[in-house]
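The data block below is run-v6.cif; it holds mmCIF, C-alpha atoms.
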```cif
data_entry
#
loop_
_atom_site.label_atom_id
_atom_site.label_comp_id
_atom_site.auth_asym_id
_atom_site.auth_seq_id
_atom_site.Cartn_x
_atom_site.Cartn_y
_atom_site.Cartn_z
CA MET A 928 0.00 0.00 0.00
CA PRO A 929 1.48 3.42 -0.97
CA GLN A 930 2.70 5.52 1.95
CA LYS A 931 0.72 8.69 2.63
CA ILE A 932 2.68 11.87 1.98
CA ASP A 933 2.43 14.91 4.22
CA PHE A 934 3.32 17.86 1.98
CA ASN A 935 3.78 20.07 5.02
CA LEU A 936 6.77 17.90 5.86
CA ILE A 937 8.09 18.30 2.31
CA TYR A 938 7.93 22.08 2.71
CA ALA A 939 9.55 21.94 6.14
CA LEU A 940 12.34 19.67 4.87
CA ASN A 941 13.11 22.10 2.06
CA LEU A 942 13.43 24.97 4.56
CA LEU A 943 15.64 22.89 6.89
CA LEU A 944 18.02 22.09 4.05
CA GLU A 945 18.05 25.69 2.81
CA GLU A 946 18.66 27.18 6.28
CA GLY A 947 20.94 24.44 7.56
CA SER A 948 19.53 24.79 11.05
CA VAL A 949 16.42 24.10 13.06
CA GLY A 950 16.36 27.67 14.35
CA GLY A 951 16.49 29.23 10.87
CA ALA A 952 13.74 26.94 9.52
CA ALA A 953 11.61 27.59 12.61
CA GLU A 954 11.82 31.33 12.05
CA LYS A 955 10.76 30.98 8.42
CA MET A 956 7.77 28.88 9.45
CA ASN A 957 6.90 31.12 12.42
CA LEU A 958 7.39 28.22 14.82
CA SER A 959 9.37 27.73 17.99
CA ALA A 960 12.62 25.78 17.85
CA PRO A 961 11.16 22.86 19.87
CA ALA A 962 8.20 22.65 17.47
CA MET A 963 10.58 22.59 14.51
CA SER A 964 12.62 19.86 16.20
CA ARG A 965 9.47 17.76 16.50
CA ILE A 966 8.78 18.29 12.78
CA LEU A 967 12.34 17.15 12.02
CA GLY A 968 11.58 13.99 13.99
CA ARG A 969 8.53 13.35 11.85
CA ILE A 970 10.58 13.97 8.69
CA ARG A 971 13.16 11.42 9.84
CA HIS A 972 10.37 8.90 10.41
CA GLN A 973 8.75 9.70 7.06
CA PHE A 974 11.98 9.16 5.09
CA ASP A 975 13.53 6.55 7.40
CA ASP A 976 16.73 8.59 7.46
CA PRO A 977 18.39 10.97 9.97
CA ILE A 978 18.23 13.70 7.28
CA MET A 979 20.39 16.12 9.31
CA VAL A 980 23.06 15.08 11.79
CA ARG A 981 25.16 16.96 14.29
CA ALA A 982 28.68 18.02 13.20
CA GLY A 983 30.09 20.08 16.03
CA LYS A 984 27.72 22.99 16.61
CA ASN A 985 26.08 22.66 13.19
CA LEU A 986 23.71 20.26 11.43
CA VAL A 987 24.78 18.73 8.12
CA PRO A 988 22.59 16.88 5.62
CA THR A 989 22.94 13.17 5.05
CA PRO A 990 23.57 11.80 1.52
CA ARG A 991 19.87 10.94 1.38
CA ALA A 992 18.95 14.52 2.26
CA LEU A 993 21.29 15.89 -0.41
CA ALA A 994 19.66 13.64 -3.00
CA LEU A 995 16.21 14.86 -1.91
CA LYS A 996 17.28 18.51 -2.01
CA ARG A 997 17.77 18.36 -5.76
CA GLN A 998 14.12 17.34 -6.21
CA LEU A 999 12.39 19.36 -3.51
CA SER A 1000 12.25 22.72 -5.28
CA ASP A 1001 10.60 21.18 -8.35
CA ILE A 1002 8.09 19.27 -6.22
CA ILE A 1003 7.14 22.38 -4.23
CA GLU A 1004 6.85 24.49 -7.37
CA GLN A 1005 4.54 21.94 -9.01
CA ALA A 1006 2.41 21.57 -5.86
CA THR A 1007 2.11 25.36 -5.57
CA ALA A 1008 1.03 25.59 -9.21
CA LEU A 1009 -1.75 23.06 -8.57
CA ILE A 1010 -3.42 25.16 -5.89
CA ALA A 1011 -2.46 28.67 -6.99
CA PRO A 1012 -5.03 30.59 -9.06
CA THR A 1013 -4.21 31.12 -12.70
CA GLU A 1014 -2.52 34.50 -12.94
CA SER A 1015 -3.61 35.16 -16.50
CA PHE A 1016 -5.73 33.46 -19.12
CA ASP A 1017 -5.11 34.02 -22.81
CA PRO A 1018 -8.00 32.82 -25.01
CA GLN A 1019 -5.81 33.21 -28.11
CA GLY A 1020 -4.26 29.81 -27.46
CA LEU A 1021 -7.41 28.06 -26.23
CA GLU A 1022 -8.45 24.98 -28.22
CA ARG A 1023 -11.89 24.02 -26.97
CA THR A 1024 -15.44 23.49 -28.18
CA PHE A 1025 -18.09 24.97 -25.89
CA THR A 1026 -21.53 23.32 -25.99
CA ILE A 1027 -24.38 25.77 -25.38
CA ARG A 1028 -28.06 24.87 -25.13
CA ALA A 1029 -30.63 27.43 -26.34
CA ASN A 1030 -33.78 27.60 -28.47
CA ASP A 1031 -33.56 27.63 -32.27
CA ILE A 1032 -34.46 31.27 -32.97
CA PHE A 1033 -32.25 32.40 -30.13
CA ILE A 1034 -29.39 30.50 -31.71
CA GLY A 1035 -30.01 31.99 -35.13
CA ALA A 1036 -30.27 35.49 -33.77
CA LEU A 1037 -27.21 35.43 -31.54
CA ALA A 1038 -24.78 32.75 -32.67
CA GLY A 1039 -23.40 34.91 -35.48
CA GLY A 1040 -22.37 37.74 -33.20
CA LEU A 1041 -20.97 35.40 -30.59
CA LEU A 1042 -19.04 33.42 -33.18
CA GLU A 1043 -17.53 36.61 -34.56
CA THR A 1044 -16.41 37.63 -31.08
CA LEU A 1045 -15.11 34.14 -30.41
CA ARG A 1046 -13.09 34.07 -33.64
CA GLU A 1047 -11.46 37.36 -32.72
CA MET A 1048 -10.67 36.47 -29.11
CA ALA A 1049 -10.19 32.69 -29.32
CA PRO A 1050 -9.49 31.72 -32.96
CA LEU A 1051 -8.74 28.09 -32.10
CA SER A 1052 -12.02 27.52 -30.23
CA SER A 1053 -15.58 26.98 -31.45
CA LEU A 1054 -19.22 26.99 -30.28
CA LYS A 1055 -21.62 24.09 -30.56
CA PHE A 1056 -25.28 25.03 -30.10
CA ILE A 1057 -27.89 22.38 -29.34
CA ALA A 1058 -31.66 22.64 -28.91
CA GLU A 1059 -33.44 23.14 -25.61
CA SER A 1060 -34.50 20.12 -23.55
CA ASP A 1061 -36.55 19.26 -20.50
CA THR A 1062 -33.41 17.86 -18.84
CA ASP A 1063 -31.14 20.94 -18.83
CA ASP A 1064 -30.07 20.34 -15.23
CA ASP A 1065 -29.09 16.74 -15.93
CA ALA A 1066 -27.13 17.73 -19.03
CA LEU A 1067 -25.17 20.29 -16.99
CA ARG A 1068 -24.53 17.75 -14.24
CA MET A 1069 -23.32 15.09 -16.68
CA GLY A 1070 -21.06 17.50 -18.54
CA LYS A 1071 -22.93 17.14 -21.84
CA VAL A 1072 -23.58 20.89 -21.90
CA ASP A 1073 -21.26 23.68 -20.77
CA LEU A 1074 -23.90 26.40 -20.59
CA VAL A 1075 -27.67 26.81 -20.89
CA ILE A 1076 -29.10 30.13 -22.07
CA GLY A 1077 -32.82 30.62 -21.61
CA SER A 1078 -35.60 32.02 -19.45
CA SER A 1079 -35.15 31.85 -15.70
CA ARG A 1080 -36.88 28.98 -13.92
CA ASN A 1081 -36.57 26.74 -10.89
CA TRP A 1082 -33.09 25.27 -11.34
CA HIS A 1083 -31.71 22.66 -8.98
CA PRO A 1084 -30.04 24.34 -5.97
CA GLU A 1085 -26.47 23.58 -7.03
CA ILE A 1086 -26.81 25.07 -10.54
CA LYS A 1087 -25.18 28.49 -10.90
CA THR A 1088 -27.02 31.22 -12.83
CA GLN A 1089 -26.30 34.75 -14.01
CA SER A 1090 -28.86 37.23 -15.34
CA LEU A 1091 -28.19 38.37 -18.91
CA PHE A 1092 -31.12 40.66 -19.74
CA ALA A 1093 -34.89 41.12 -19.42
CA SER A 1094 -37.32 40.84 -22.32
CA THR A 1095 -41.05 41.34 -22.90
CA PHE A 1096 -43.59 39.76 -25.23
CA GLN A 1097 -44.62 41.03 -28.63
CA ALA A 1098 -46.32 39.13 -31.47
CA LEU A 1099 -46.00 38.27 -35.13
CA VAL A 1100 -48.82 38.14 -37.68
CA ARG A 1101 -48.85 37.75 -41.46
CA ARG A 1102 -48.74 40.77 -43.73
CA GLY A 1103 -52.25 42.08 -44.32
CA HIS A 1104 -53.62 40.55 -41.13
CA PRO A 1105 -56.84 42.40 -40.15
CA ILE A 1106 -55.60 42.99 -36.58
CA ILE A 1107 -52.64 45.15 -37.63
CA ASP A 1108 -54.45 48.49 -37.47
CA GLN A 1109 -56.71 47.62 -34.54
CA VAL A 1110 -54.66 45.87 -31.87
CA THR A 1111 -56.56 45.90 -28.58
CA PRO A 1112 -56.94 43.36 -25.76
CA GLU A 1113 -60.36 42.50 -27.20
CA THR A 1114 -59.20 41.97 -30.80
CA LEU A 1115 -56.39 39.71 -29.56
CA THR A 1116 -59.12 37.28 -28.50
CA HIS A 1117 -60.78 37.33 -31.96
CA TYR A 1118 -58.05 35.30 -33.66
CA PRO A 1119 -56.41 31.97 -32.85
CA HIS A 1120 -53.00 31.97 -31.17
CA ILE A 1121 -49.96 29.72 -31.39
CA SER A 1122 -48.14 28.76 -28.21
CA VAL A 1123 -44.48 27.78 -28.55
CA SER A 1124 -43.45 25.48 -25.73
CA ARG A 1125 -41.23 22.42 -25.75
CA ARG A 1126 -43.16 21.26 -22.66
CA GLY A 1127 -46.55 21.69 -24.35
CA ARG A 1128 -47.72 24.57 -22.18
CA THR A 1129 -50.64 26.66 -23.46
CA GLN A 1130 -50.93 29.22 -20.66
CA GLY A 1131 -48.55 32.02 -19.71
CA PRO A 1132 -48.20 35.74 -18.90
CA ILE A 1133 -50.47 36.79 -21.79
CA ASP A 1134 -53.31 34.63 -20.46
CA ASP A 1135 -52.85 36.07 -16.97
CA ALA A 1136 -53.02 39.64 -18.29
CA LEU A 1137 -56.11 38.93 -20.39
CA ARG A 1138 -57.77 37.16 -17.46
CA ASP A 1139 -57.31 40.28 -15.36
CA LEU A 1140 -59.35 42.10 -18.01
CA GLY A 1141 -62.04 39.42 -18.06
CA LEU A 1142 -60.84 38.12 -21.43
CA GLN A 1143 -59.57 34.78 -22.73
CA ARG A 1144 -57.62 33.99 -25.88
CA ASN A 1145 -57.94 30.88 -28.02
CA VAL A 1146 -54.68 28.91 -28.12
CA ALA A 1147 -55.54 26.73 -31.08
CA LEU A 1148 -52.08 25.29 -31.70
CA THR A 1149 -49.05 24.40 -29.56
CA LEU A 1150 -45.67 23.75 -31.17
CA PRO A 1151 -42.26 22.88 -29.74
CA GLY A 1152 -40.23 25.29 -31.89
CA PHE A 1153 -40.34 28.80 -33.33
CA HIS A 1154 -39.46 27.99 -36.95
CA SER A 1155 -42.51 25.83 -37.65
CA ALA A 1156 -44.69 28.36 -35.80
CA MET A 1157 -43.51 31.19 -38.07
CA MET A 1158 -44.07 29.14 -41.21
CA LEU A 1159 -47.68 28.53 -40.20
CA THR A 1160 -48.22 32.15 -39.14
CA MET A 1161 -47.16 33.42 -42.57
CA LYS A 1162 -50.06 31.55 -44.22
CA SER A 1163 -52.87 31.99 -41.68
CA ASP A 1164 -54.60 34.39 -39.30
CA PHE A 1165 -52.77 32.96 -36.31
CA ILE A 1166 -51.18 35.34 -33.82
CA LEU A 1167 -47.72 34.23 -32.69
CA PRO A 1168 -46.53 35.82 -29.41
CA LEU A 1169 -42.74 35.83 -29.02
CA PRO A 1170 -40.24 37.35 -26.60
CA ARG A 1171 -38.82 40.63 -27.89
CA HIS A 1172 -35.24 39.31 -28.01
CA VAL A 1173 -36.38 36.52 -30.34
CA LEU A 1174 -38.07 39.03 -32.64
CA GLN A 1175 -34.76 40.87 -32.99
CA GLY A 1176 -33.47 37.88 -34.93
CA VAL A 1177 -36.63 37.54 -37.02
CA SER A 1178 -36.54 41.20 -38.08
CA SER A 1179 -33.15 40.65 -39.74
CA VAL A 1180 -34.68 38.06 -42.09
CA SER A 1181 -37.03 39.07 -44.93
CA LEU A 1182 -40.13 37.14 -43.96
CA PRO A 1183 -43.73 38.20 -44.76
CA LEU A 1184 -44.44 38.80 -41.09
CA VAL A 1185 -45.33 41.96 -39.16
CA GLU A 1186 -44.51 42.72 -35.52
CA ILE A 1187 -47.32 44.05 -33.35
CA GLU A 1188 -47.17 45.45 -29.83
CA LEU A 1189 -49.30 43.66 -27.28
CA PRO A 1190 -51.41 46.26 -25.38
CA LEU A 1191 -51.14 44.34 -22.12
CA ALA A 1192 -49.35 44.83 -18.82
CA LEU A 1193 -46.96 41.89 -19.06
CA GLU A 1194 -44.25 40.82 -16.69
CA SER A 1195 -40.73 40.76 -18.09
CA VAL A 1196 -39.06 37.53 -19.16
CA PHE A 1197 -35.64 37.20 -17.55
CA ILE A 1198 -32.95 35.47 -19.60
CA VAL A 1199 -30.10 33.80 -17.74
CA GLN A 1200 -27.06 31.66 -18.41
CA ALA A 1201 -26.71 28.57 -16.21
CA TRP A 1202 -23.79 26.23 -15.53
CA HIS A 1203 -22.66 23.51 -13.17
CA PRO A 1204 -20.51 24.60 -10.19
CA ARG A 1205 -17.60 22.34 -11.23
CA LEU A 1206 -16.96 24.84 -14.04
CA ASP A 1207 -17.36 27.90 -11.85
CA ARG A 1208 -13.60 28.54 -11.45
CA ASP A 1209 -12.49 27.14 -14.79
CA PRO A 1210 -10.65 30.07 -16.47
CA ALA A 1211 -11.89 29.17 -19.96
CA HIS A 1212 -15.49 28.86 -18.78
CA GLN A 1213 -15.22 32.11 -16.83
CA TRP A 1214 -14.01 33.80 -19.99
CA LEU A 1215 -16.92 32.32 -22.00
CA ARG A 1216 -19.51 33.53 -19.49
CA GLN A 1217 -17.98 37.00 -19.35
CA THR A 1218 -17.82 37.16 -23.16
CA ILE A 1219 -21.52 36.29 -23.41
CA LYS A 1220 -22.43 38.77 -20.67
CA ASP A 1221 -20.46 41.52 -22.43
CA PHE A 1222 -22.10 40.58 -25.75
CA PHE A 1223 -25.57 41.24 -24.33
CA LEU A 1224 -24.49 44.40 -22.57
CA ARG A 1225 -23.37 45.80 -25.93
CA ARG A 1226 -26.75 44.94 -27.48
CA GLU A 1227 -28.79 46.77 -24.85
#
```

Taking this structure as input, can you express it in the form of structure tokens?
Amino acid sequence: MPQKIDFNLIYALNLLLEEGSVGGAAEKMNLSAPAMSRILGRIRHQFDDPIMVRAGKNLVPTPRALALKRQLSDIIEQATALIAPTESFDPQGLERTFTIRANDIFIGALAGGLLETLREMAPLSSLKFIAESDTDDDALRMGKVDLVIGSSRNWHPEIKTQSLFASTFQALVRRGHPIIDQVTPETLTHYPHISVSRRGRTQGPIDDALRDLGLQRNVALTLPGFHSAMMLTMKSDFILPLPRHVLQGVSSVSLPLVEIELPLALESVFIVQAWHPRLDRDPAHQWLRQTIKDFFLRRE
């Protein structure tokens, strides 16, 4: 069975050999001479060697101690490097693929800008976006995903989160839709709505706001993704509510769709990035999170 190593003894041995005396090593370690003598006893037991022996009034190292001395500085330097924080991180030399989970429109709207920033700051790294899932927490825990970007929700207690920005709901309708010039809470209930939810939810902030006004909308269709919802909206009288940050990506594409403001008092949607705590102090992951945070700050 391998012998357990006490690295405090390694450090103390290095000081003893550098100082050549118990008193000098004790001063460096802020210990009394008797305490340092006891540590020397433990070192002798650890290495099964006298280590330092009396020669007149001085202590001299044994051949075994001299052989150890040549290795001690390297061992201490390596051990210190293991526990010392990284002084600087240079993304220019980073070779890593970061896996980020987000919804499809969000990816289309934002990946381009993030990729451009990434190419400039970390030319050897890349982003891999994957679709949202009901098991985001598990994916973070298992290391399948580095980061999840989406609306805030009840994450497991250990998952770390950081707020990125707040968004509100607007809606898309086809060009020529009769509601365009007469958008009111009442007219919103005259046409069928599409709900986009990977969990199949049909109710949300819009329904709460309408209910406060004694109104109820007709959610005639629920879809898991935004792309199929937009394709159907272009060819029907459906109303497609979407978060404002998603619409920013849609507006950059020439689609026969028109944005309309929802005349309702709606709560904001808070977008966060979430990660597992094992990556919290990883310099590369810290850089990624800060890069994404800065990216959204510039867009505000």

Return as an MDAnalysis selection string the set of residues that the PyMOL selection byres ((chain A and resi 1151) around 8) yields on the displayed structure.
chainID A and resid 1123:1127 1149:1150 1152:1153

Would you write out, as a ChimeraX atom specification, every residue that the PyMOL selection byres ((chain A and resi 993) around 12) captures in this file?
/A:940-941,943-945,947,976-979,987-992,994-999

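The list of residues with at least one atom within 6 Å of region 1064-1073 of chain A, based on all atoms listed in the file and without residues fewer than 6 positions apart in the same chain, reads Thr1026, Ile1027 and His1203 of chain A.
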
Hey, which of A:Ile1086, A:Tyr938, A:Arg1023, A:Ser1060 ends up closest to Thr1007 (chain A)? Count all atoms listed in the file.
A:Tyr938

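Atom to atom, CA of Lys1087 (chain A) and CA of Pro1204 (chain A) stand 6.1 Å apart.
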
Once the PyMOL selection byres ((chain A and resi 1024) around 6) has been applied to the shown file, what residues remain in the selection, as an MDAnalysis selection string?
chainID A and resid 1023 1025 1052:1054

Using all atoms listed in the file - which residues lie no farther than 8 Å from the point (12.7, 20.0, 11.3) in the file's frame? Write them as a ChimeraX atom specification.
/A:939-940,943,949,952-953,963-970

Around (-50.8, 37.2, -32.5), as given in the file, which residues come within 7 Å? Count only C-alpha atoms and list them as a PyMOL selection string.
chain A and resi 1098-1100+1115+1120+1165-1168

If you keep C-alpha atoms, can you produce a file of those selected residues as a compact mmCIF listing (two decimals), in the coordinates of the input?
```txt
# COMPACT_ATOMS: atom_id res chain seq x y z
CA ALA A 1098 -46.32 39.13 -31.47
CA LEU A 1099 -46.00 38.27 -35.13
CA VAL A 1100 -48.82 38.14 -37.68
CA LEU A 1115 -56.39 39.71 -29.56
CA HIS A 1120 -53.00 31.97 -31.17
CA PHE A 1165 -52.77 32.96 -36.31
CA ILE A 1166 -51.18 35.34 -33.82
CA LEU A 1167 -47.72 34.23 -32.69
CA PRO A 1168 -46.53 35.82 -29.41
```

Pick out the residues sitting within 8 Å of Glu1059 (chain A), and hand them over as a PyMOL selection string; count only C-alpha atoms, and ignore anything fewer than 4 positions along from it in its own chain.
chain A and resi 1028-1030+1063+1125

Output C-alpha atoms for every residue in the selection just made, as a PDB file, keeping the file's coordinate frame.
```
ATOM      1  CA  ARG A1028     -28.060  24.870 -25.130  1.00  0.00           C
ATOM      2  CA  ALA A1029     -30.630  27.430 -26.340  1.00  0.00           C
ATOM      3  CA  ASN A1030     -33.780  27.600 -28.470  1.00  0.00           C
ATOM      4  CA  ASP A1063     -31.140  20.940 -18.830  1.00  0.00           C
ATOM      5  CA  ARG A1125     -41.230  22.420 -25.750  1.00  0.00           C
TER       6      ARG A1125
END
```
